[in-house]
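S.K.: Dropping in query.cif, which is mmCIF, C-alpha atoms:
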```
data_protein
#
loop_
_atom_site.label_atom_id
_atom_site.label_comp_id
_atom_site.auth_asym_id
_atom_site.auth_seq_id
_atom_site.Cartn_x
_atom_site.Cartn_y
_atom_site.Cartn_z
CA MET A 1 81.26 22.90 94.88
CA SER A 2 77.73 24.29 94.90
CA GLU A 3 77.05 27.63 96.55
CA SER A 4 73.89 26.19 98.11
CA PRO A 5 74.27 24.46 101.50
CA TYR A 6 71.66 21.94 100.36
CA VAL A 7 73.22 20.79 97.07
CA PHE A 8 76.28 18.52 96.90
CA GLU A 9 78.54 17.01 94.27
CA VAL A 10 78.85 13.38 95.38
CA THR A 11 81.55 10.79 94.70
CA GLN A 12 82.14 7.32 96.10
CA HIS A 13 84.41 8.94 98.71
CA ASN A 14 81.78 11.21 100.28
CA PHE A 15 78.64 9.20 99.47
CA ALA A 16 78.24 7.82 103.01
CA GLU A 17 78.73 11.23 104.61
CA VAL A 18 76.50 13.23 102.27
CA VAL A 19 73.78 10.73 101.41
CA VAL A 20 73.57 8.13 104.18
CA GLU A 21 74.21 10.43 107.15
CA ASN A 22 71.99 13.26 105.94
CA SER A 23 69.19 10.81 105.09
CA GLN A 24 68.79 10.09 108.80
CA ARG A 25 67.27 13.58 109.12
CA VAL A 26 65.89 14.56 105.74
CA PRO A 27 65.09 12.90 102.40
CA VAL A 28 68.03 12.97 99.99
CA LEU A 29 67.45 13.20 96.23
CA VAL A 30 70.29 11.35 94.50
CA ASP A 31 70.44 12.73 90.95
CA PHE A 32 72.40 10.61 88.44
CA TRP A 33 73.28 12.82 85.44
CA ALA A 34 75.84 13.22 82.65
CA ASP A 35 77.10 16.07 80.45
CA TRP A 36 75.72 14.49 77.28
CA CYS A 37 72.24 13.98 78.78
CA GLN A 38 69.94 16.76 77.52
CA PRO A 39 67.02 15.93 79.88
CA CYS A 40 69.48 16.15 82.79
CA LYS A 41 70.11 19.79 81.91
CA THR A 42 66.41 20.43 82.50
CA LEU A 43 65.99 18.28 85.60
CA THR A 44 69.05 19.21 87.68
CA PRO A 45 68.16 22.95 87.89
CA LEU A 46 64.62 22.00 88.89
CA LEU A 47 65.87 19.72 91.69
CA THR A 48 68.30 22.42 92.79
CA LYS A 49 65.43 24.89 93.07
CA LEU A 50 63.37 22.44 95.15
CA ALA A 51 66.29 21.77 97.51
CA GLN A 52 66.93 25.48 97.98
CA GLU A 53 63.24 26.21 98.56
CA SER A 54 63.09 23.52 101.24
CA ARG A 55 65.76 25.35 103.31
CA GLY A 56 67.18 22.08 104.62
CA GLY A 57 63.98 20.06 104.39
CA CYS A 58 65.63 17.93 101.70
CA ILE A 59 69.08 17.63 100.14
CA LEU A 60 70.17 17.17 96.54
CA ALA A 61 73.14 14.85 95.91
CA LYS A 62 74.37 15.09 92.31
CA ILE A 63 76.33 12.14 90.88
CA ASN A 64 78.05 12.35 87.49
CA ALA A 65 77.23 8.89 86.14
CA ASP A 66 80.22 8.86 83.78
CA ALA A 67 82.77 9.96 86.34
CA GLU A 68 81.38 7.76 89.13
CA GLN A 69 80.86 4.48 87.29
CA ALA A 70 81.31 2.44 90.49
CA LEU A 71 78.29 4.14 92.08
CA THR A 72 76.33 3.99 88.83
CA GLY A 73 76.96 0.27 88.54
CA HIS A 74 76.30 -0.43 92.21
CA PHE A 75 72.84 1.14 92.00
CA GLN A 76 72.20 -0.43 88.57
CA VAL A 77 71.39 2.88 86.91
CA ARG A 78 70.40 2.06 83.32
CA SER A 79 68.96 5.35 82.11
CA LEU A 80 69.58 9.04 82.69
CA PRO A 81 68.40 11.02 84.41
CA THR A 82 67.59 8.75 87.35
CA VAL A 83 66.63 10.15 90.75
CA MET A 84 66.72 7.91 93.80
CA VAL A 85 65.11 9.07 97.03
CA VAL A 86 67.04 7.97 100.13
CA TRP A 87 65.43 8.18 103.54
CA GLN A 88 67.02 6.86 106.75
CA GLY A 89 69.63 4.98 104.77
CA GLN A 90 67.15 3.22 102.48
CA ILE A 91 66.12 3.81 98.85
CA VAL A 92 62.41 4.53 99.21
CA ASP A 93 61.59 5.66 95.66
CA GLN A 94 63.13 5.92 92.20
CA LEU A 95 62.16 8.19 89.31
CA VAL A 96 63.54 7.60 85.80
CA GLY A 97 63.40 10.34 83.20
CA VAL A 98 62.10 13.86 83.70
CA GLN A 99 58.83 13.93 85.65
CA PRO A 100 56.49 16.88 86.27
CA GLU A 101 57.60 19.15 89.09
CA ALA A 102 54.60 18.11 91.15
CA VAL A 103 55.86 14.52 91.21
CA TYR A 104 59.14 15.53 92.84
CA ARG A 105 57.36 17.82 95.28
CA GLU A 106 55.04 14.98 96.30
CA VAL A 107 57.83 12.49 96.91
CA ILE A 108 59.79 15.05 98.96
CA SER A 109 56.76 15.92 101.09
CA ARG A 110 56.12 12.22 101.72
CA PHE A 111 59.29 11.95 103.81
CA GLN A 112 60.05 15.56 104.64
CA VAL A 113 60.15 16.73 108.23
CA GLN A 114 58.87 20.19 109.06
CA PRO A 115 61.38 22.89 108.06
CA VAL A 116 63.55 24.13 110.89
CA GLU A 117 62.13 27.42 112.09
CA ASP A 118 64.78 28.23 114.67
CA PRO A 119 67.42 30.29 112.81
CA VAL A 120 70.19 28.93 115.06
CA LEU A 121 69.27 25.31 114.36
CA GLU A 122 68.98 26.13 110.68
CA GLN A 123 72.51 27.56 110.73
CA VAL A 124 73.75 24.52 112.65
CA GLU A 125 72.32 22.19 110.00
CA ALA A 126 73.90 24.20 107.19
CA LEU A 127 77.30 24.06 108.91
CA TRP A 128 76.95 20.35 109.64
CA GLN A 129 76.02 19.43 106.09
CA ARG A 130 79.15 21.23 104.94
CA GLY A 131 81.31 19.20 107.29
CA ARG A 132 81.98 22.11 109.65
CA HIS A 133 81.21 20.03 112.71
CA GLN A 134 83.24 21.93 115.30
CA GLN A 135 81.71 25.25 114.23
CA ALA A 136 78.23 23.74 114.55
CA LEU A 137 78.98 22.40 118.04
CA HIS A 138 80.44 25.74 119.13
CA LEU A 139 77.34 27.58 117.92
CA LEU A 140 75.07 25.17 119.81
CA ARG A 141 77.06 25.47 123.04
CA GLU A 142 77.22 29.26 122.87
CA THR A 143 73.49 29.51 122.22
CA LEU A 144 72.77 27.14 125.11
CA LYS A 145 74.60 29.52 127.43
CA GLN A 146 71.99 32.14 126.50
CA GLU A 147 69.06 29.67 126.51
CA PRO A 148 70.03 27.05 129.12
CA ASP A 149 66.51 25.59 129.35
CA SER A 150 66.05 24.97 125.60
CA LEU A 151 65.26 21.27 125.07
CA ASP A 152 65.53 21.66 121.28
CA LEU A 153 69.10 22.93 121.56
CA LYS A 154 70.09 20.17 123.98
CA VAL A 155 68.61 17.49 121.74
CA ALA A 156 70.35 18.97 118.70
CA LEU A 157 73.67 18.99 120.57
CA ALA A 158 73.19 15.39 121.69
CA GLU A 159 72.39 14.25 118.15
CA LYS A 160 75.52 15.90 116.77
CA LEU A 161 77.76 14.51 119.50
CA LEU A 162 76.38 11.03 118.85
CA GLN A 163 77.31 11.32 115.20
CA LEU A 164 80.87 12.05 116.34
CA ASP A 165 80.91 8.98 118.66
CA ARG A 166 81.12 11.12 121.79
CA GLY A 167 78.74 8.95 123.75
CA GLU A 168 79.83 9.87 127.27
CA GLU A 169 79.18 13.56 126.63
CA VAL A 170 75.75 12.64 125.29
CA ARG A 171 75.00 10.50 128.33
CA THR A 172 75.91 13.31 130.72
CA LEU A 173 73.81 15.79 128.76
CA LEU A 174 70.71 13.58 128.52
CA GLU A 175 70.84 12.36 132.12
CA SER A 176 70.73 15.99 133.26
CA LEU A 177 67.27 16.36 131.72
CA PRO A 178 64.06 15.93 133.77
CA ALA A 179 62.75 12.36 134.00
CA GLU A 180 59.60 13.19 132.04
CA GLU A 181 61.71 14.35 129.10
CA ARG A 182 63.92 11.25 129.21
CA ASP A 183 60.85 9.03 128.97
CA ARG A 184 59.56 10.42 125.69
CA GLN A 185 60.79 11.13 122.18
CA PRO A 186 63.15 12.43 120.99
CA VAL A 187 65.23 12.00 124.16
CA SER A 188 64.13 8.40 124.76
CA GLY A 189 65.29 7.49 121.25
CA LEU A 190 68.70 9.06 121.86
CA LEU A 191 69.07 7.14 125.12
CA VAL A 192 68.29 3.93 123.25
CA ARG A 193 70.93 4.79 120.68
CA LEU A 194 73.43 5.09 123.53
CA GLN A 195 72.75 1.44 124.36
CA PHE A 196 74.04 0.49 120.93
CA VAL A 197 77.09 2.71 121.41
CA ASP A 198 77.85 0.70 124.55
CA LEU A 199 77.38 -2.59 122.67
CA VAL A 200 80.07 -1.80 120.11
CA ARG A 201 82.62 -0.33 122.49
CA ASP A 202 85.89 -2.15 121.63
CA ALA A 203 83.99 -4.27 119.06
CA PRO A 204 85.44 -5.07 115.61
CA GLU A 205 84.51 -2.84 112.69
CA LEU A 206 81.42 -3.57 110.63
CA ALA A 207 83.21 -5.38 107.78
CA ASP A 208 85.00 -7.67 110.24
CA LEU A 209 81.74 -8.51 112.01
CA VAL A 210 80.04 -9.29 108.69
CA ALA A 211 82.88 -11.72 107.91
CA ARG A 212 82.66 -13.35 111.34
CA VAL A 213 78.91 -13.92 111.10
CA ARG A 214 79.24 -15.34 107.59
CA ALA A 215 81.99 -17.70 108.76
CA ASP A 216 80.04 -18.79 111.85
CA PRO A 217 76.30 -18.01 111.83
CA ASP A 218 76.12 -19.20 115.44
CA ASP A 219 78.56 -16.56 116.69
CA HIS A 220 75.76 -14.82 118.55
CA ALA A 221 77.95 -12.17 120.18
CA ALA A 222 79.28 -11.09 116.78
CA ARG A 223 75.74 -10.99 115.36
CA GLN A 224 74.57 -8.78 118.23
CA GLN A 225 77.49 -6.41 117.70
CA LEU A 226 76.88 -6.43 113.94
CA ALA A 227 73.26 -5.42 114.49
CA ALA A 228 74.41 -2.57 116.75
CA ARG A 229 76.94 -1.42 114.14
CA TYR A 230 74.17 -1.35 111.54
CA VAL A 231 72.00 0.77 113.85
CA LEU A 232 74.75 3.32 114.36
CA ALA A 233 75.44 3.38 110.61
CA GLY A 234 71.78 4.18 109.96
CA SER A 235 71.11 0.81 108.26
CA HIS A 236 68.02 0.10 110.33
CA GLU A 237 66.53 -2.64 108.19
CA ALA A 238 69.82 -4.57 108.21
CA ALA A 239 69.97 -4.14 112.00
CA LEU A 240 66.43 -5.39 112.46
CA GLN A 241 67.14 -8.44 110.31
CA GLN A 242 70.22 -9.32 112.38
CA PHE A 243 68.29 -8.99 115.63
CA MET A 244 65.51 -11.12 114.13
CA ASP A 245 68.04 -13.78 113.11
CA LEU A 246 69.46 -13.68 116.64
CA LEU A 247 65.98 -14.14 118.09
CA ILE A 248 65.39 -17.14 115.80
CA ARG A 249 68.76 -18.80 116.38
CA ALA A 250 69.26 -18.09 120.07
CA PRO A 251 66.15 -16.67 121.78
CA GLN A 252 67.75 -16.99 125.23
CA PHE A 253 71.13 -15.46 124.32
CA GLU A 254 72.03 -12.64 126.74
CA ASP A 255 68.59 -12.83 128.31
CA GLY A 256 66.74 -12.33 125.03
CA ALA A 257 69.14 -9.97 123.26
CA GLY A 258 67.39 -10.48 119.92
CA ARG A 259 63.97 -9.45 121.25
CA LYS A 260 65.43 -6.58 123.28
CA GLY A 261 67.35 -5.32 120.26
CA LEU A 262 64.23 -5.33 118.11
CA LEU A 263 62.26 -3.43 120.75
CA ALA A 264 65.06 -0.89 121.12
CA VAL A 265 65.13 -0.18 117.38
CA PHE A 266 61.32 0.09 117.38
CA GLU A 267 61.63 2.76 120.09
CA MET A 268 64.22 4.64 118.05
CA LEU A 269 62.24 4.63 114.82
CA GLY A 270 58.77 5.22 116.25
CA SER A 271 55.56 3.29 115.70
CA ASP A 272 54.74 5.07 112.42
CA ASN A 273 57.84 3.76 110.65
CA PRO A 274 56.93 1.03 108.11
CA LEU A 275 59.95 -1.05 109.16
CA VAL A 276 58.57 -1.15 112.70
CA THR A 277 55.21 -2.39 111.45
CA THR A 278 56.82 -5.14 109.39
CA TYR A 279 59.27 -6.41 111.99
CA ARG A 280 56.86 -6.09 114.90
CA ARG A 281 54.51 -8.40 113.01
CA ARG A 282 57.33 -10.86 112.33
CA MET A 283 58.44 -10.82 115.95
CA PHE A 284 54.88 -11.37 117.18
CA SER A 285 54.43 -14.32 114.80
CA LEU A 286 57.69 -15.87 115.96
CA LEU A 287 57.01 -15.46 119.67
CA HIS A 288 53.41 -16.64 119.44
#
```
Go ahead and express the file in the form of structure tokens.

M.R.:
Amino acid sequence: MSESPYVFEVTQHNFAEVVVENSQRVPVLVDFWADWCQPCKTLTPLLTKLAQESRGGCILAKINADAEQALTGHFQVRSLPTVMVVWQGQIVDQLVGVQPEAVYREVISRFQVQPVEDPVLEQVEALWQRGRHQQALHLLRETLKQEPDSLDLKVALAEKLLQLDRGEEVRTLLESLPAEERDRQPVSGLLVRLQFVDLVRDAPELADLVARVRADPDDHAARQQLAARYVLAGSHEAALQQFMDLLIRAPQFEDGAGRKGLLAVFEMLGSDNPLVTTYRRRMFSLLH
């Protein structure tokens, strides 16, 4: 276990939690290394330094390629060291071999959000990334008692509760905000995410929905639920593709559920996201 709150030892058991979940907020550098790899002994300390300097602006996930052969094979890692950059659940870049420090800094800055300046939110993120979810929620609630009008604290609390599938608490919190705040990001995006929470209430798990859609591509209800499951898992491109397929196969299903789903994901991701640009163009071409 690393002493840094921004550096993790990753296995197939915690990959989704450390890499996929954290990548929804910050870029994650996935460092495949091995004991026998001399260049790795140069690169890993450098990446550790960059993660620590970022103070939560990026995360380093270290994977021992020999010990975690399932992950190594899944990502088709052929050479060490290999660094994959994961952002919002997607691999957005890959660097093989040791590159100059400036290369890693550039790729981090390309996807990095501004560092958290609020010390409370910074502490919350550090607790959360370590899996100390209840401590993080307690800190947010206690701080909100002292700063009851802080939108940043309320948004942070809503985001954390959503990750714990506590949708009704999120709904109550967000609906208490002024209308002008609910109509713009980031609150509008959280309200959209709640729609997907409602869609999968009592729905089968993701693997079961995948099997149902494969067995019957015209099971439109299962495809809609599958898309919603993908959204909540952070697999936005997979979700967009399912909604696009639904729009193609059954444009009138549930009063245009495919088109509405696409628009909802667009709202969540924001107009600057490259996935939004791609799928908005596809949707426009299909509808016109």

S.K.: Between A:Gly270, A:Pro45, A:Pro178, A:Pro251, which residue has the minimum interatomic distance to Leu287 of chain A, considering only C-alpha atoms?

M.R.: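 Selected residue with least distance to Leu287 of chain A: A:Pro251.
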
S.K.: Please report as CSV every residue of segment 3-98 of chain A lying within 9 Å of segment 124-143 of chain A, along with the nearest atom pair and their distance in Å (one decimal), using only C-alpha atoms.

M.R.:
```
residue,atom,partner,partner_atom,distance
A:Pro5,CA,A:Ala126,CA,5.7
A:Tyr6,CA,A:Ala126,CA,7.5
A:Phe8,CA,A:Arg130,CA,9.0
A:Glu17,CA,A:Gln129,CA,8.8
A:Val18,CA,A:Gln129,CA,7.3
A:Asn22,CA,A:Gln129,CA,7.4
A:Gly56,CA,A:Glu125,CA,7.4
```

S.K.: Mind giving me the straight-line distance from atom CA of Lys260 of chain A to atom CA of Thr278 of chain A in Å, one decimal?

M.R.: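 So the answer is 16.4 Å.
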
S.K.: So which residues get picked by the PyMOL selection byres ((chain A and resi 240) around 9) here, written as a list in words?

M.R.: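 Applied to this file, the PyMOL selection byres ((chain A and resi 240) around 9) selects Ala227, Tyr230, Val231, Ser235, His236, Glu237, Ala238, Ala239, Gln241, Gln242, Phe243, Met244, Asp245, Gly261, Leu262, Val265, Phe266, Leu275, Val276 and Tyr279 of chain A.
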
S.K.: Rounded to one decimal in Å, what is the spacing between atom CA of Ala51 of chain A and atom CA of Ala102 of chain A?

M.R.: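 Atom CA of Ala102 of chain A lies at a distance of 13.8 Å from atom CA of Ala51 of chain A.
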
S.K.: State, in Å with one decimal place, the distance from atom CA of Ala228 of chain A to atom CA of Gln195 of chain A.

M.R.: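 So the two atoms, atom CA of Ala228 of chain A and atom CA of Gln195 of chain A, lie 8.8 Å apart.
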
S.K.: Which residue, A:Leu50, A:Ala16, A:Leu263, A:Val192, has the smallest gap to Glu106 of chain A when you use only C-alpha atoms?

M.R.: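 Looking at the shortest contact to Glu106 of chain A, the residue is A:Leu50.
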
S.K.: Skipping near chain neighbours, those fewer than 5 positions away, what residues fall within 12 Å of Ala211 of chain A using all atoms listed in the file, listed as a list in words?

M.R.: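 Contacts, in chain order: Pro204, Glu205, Leu206, Asp216, Pro217, Asp219, Ala222, Arg223 and Leu226 of chain A.
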
S.K.: For the residues in that selection, give me C-alpha atoms as a compact mmCIF listing (two decimals), keeping the file's coordinate frame.

M.R.:
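Saved as selection_10.txt:
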```txt
# COMPACT_ATOMS: atom_id res chain seq x y z
CA PRO A 204 85.44 -5.07 115.61
CA GLU A 205 84.51 -2.84 112.69
CA LEU A 206 81.42 -3.57 110.63
CA ASP A 216 80.04 -18.79 111.85
CA PRO A 217 76.30 -18.01 111.83
CA ASP A 219 78.56 -16.56 116.69
CA ALA A 222 79.28 -11.09 116.78
CA ARG A 223 75.74 -10.99 115.36
CA LEU A 226 76.88 -6.43 113.94
```

S.K.: Using all atoms listed in the file, which protein or nucleic acid residues come within 8 Å of Val19 of chain A? Drop anything in the same chain fewer than 6 positions from it, and give the result as a list in words.

M.R.: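 That gives Val28, Val30, Ala61, Val86 and Gly89 of chain A.
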
S.K.: Point out the residue among A:Leu191, A:Val83, A:Ala203, A:Ala233 with the least atom-to-atom distance to Ala221 of chain A, counting all atoms listed in the file.

M.R.: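 Closest candidate: A:Ala203.
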
S.K.: From the list A:Lys62, A:Arg229, A:Arg55, A:Arg212, which residue is nearest Gln123 of chain A when using all atoms listed in the file?

M.R.: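 When distances to Gln123 of chain A are compared using all atoms listed in the file, the smallest one comes from A:Arg55.
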
S.K.: Using only C-alpha atoms - which residues lie no farther than 12 Å from the point (77.4, 13.2, 129.7) in the file's frame? Write them as a list of chain:residue names.

M.R.: A:Lys154, A:Leu157, A:Ala158, A:Leu161, A:Leu162, A:Arg166, A:Gly167, A:Glu168, A:Glu169, A:Val170, A:Arg171, A:Thr172, A:Leu173, A:Leu174, A:Glu175, A:Ser176, A:Leu177, A:Leu191, A:Leu194

S.K.: For each of A:Ser271, A:Asn64, A:Ser23, A:Cys58, take the minimum atom-to-atom distance to Trp36 of chain A, counting all atoms listed in the file, then give the residue where this is smallest.

M.R.: A:Asn64

S.K.: Using the chain letters and numbers from the file, which residues does the PyMOL selection byres ((chain A and resi 75) around 12) grab, as a ChimeraX atom specification?

M.R.: /A:12,30-32,63,65,68-74,76-79,82-84,91,94

S.K.: Pick out the closest residue to Glu267 of chain A from this set: A:Asp208, A:Asp202, A:Asp183, A:Val10. Count only C-alpha atoms.

M.R.: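 Of all the options, A:Asp183 lies closest to Glu267 of chain A.
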
S.K.: Can you tell me, as a VMD selection string, what residues are no more than 10 Å from Phe253 of chain A when counting only C-alpha atoms, ignoring any on the same chain fewer than 5 positions away?

M.R.: chain A and resid 220 to 221 224 246 to 247 258 to 259

S.K.: Can those selected residues be exported to a file as a short mmCIF file (atom, residue, chain, number, x, y, z; two decimals), keeping the file's coordinate frame so that it contains C-alpha atoms?

M.R.:
```cif
data_model
loop_
_atom_site.label_atom_id
_atom_site.label_comp_id
_atom_site.auth_asym_id
_atom_site.auth_seq_id
_atom_site.Cartn_x
_atom_site.Cartn_y
_atom_site.Cartn_z
CA HIS A 220 75.76 -14.82 118.55
CA ALA A 221 77.95 -12.17 120.18
CA GLN A 224 74.57 -8.78 118.23
CA LEU A 246 69.46 -13.68 116.64
CA LEU A 247 65.98 -14.14 118.09
CA GLY A 258 67.39 -10.48 119.92
CA ARG A 259 63.97 -9.45 121.25
#
```

S.K.: Tell me which protein, DNA and RNA residues are within 7 Å of Val187 of chain A, counting all atoms listed in the file, leaving out same-chain ones fewer than 5 positions away, and put them as number ranges by chain.

M.R.: A: 155, 181-182
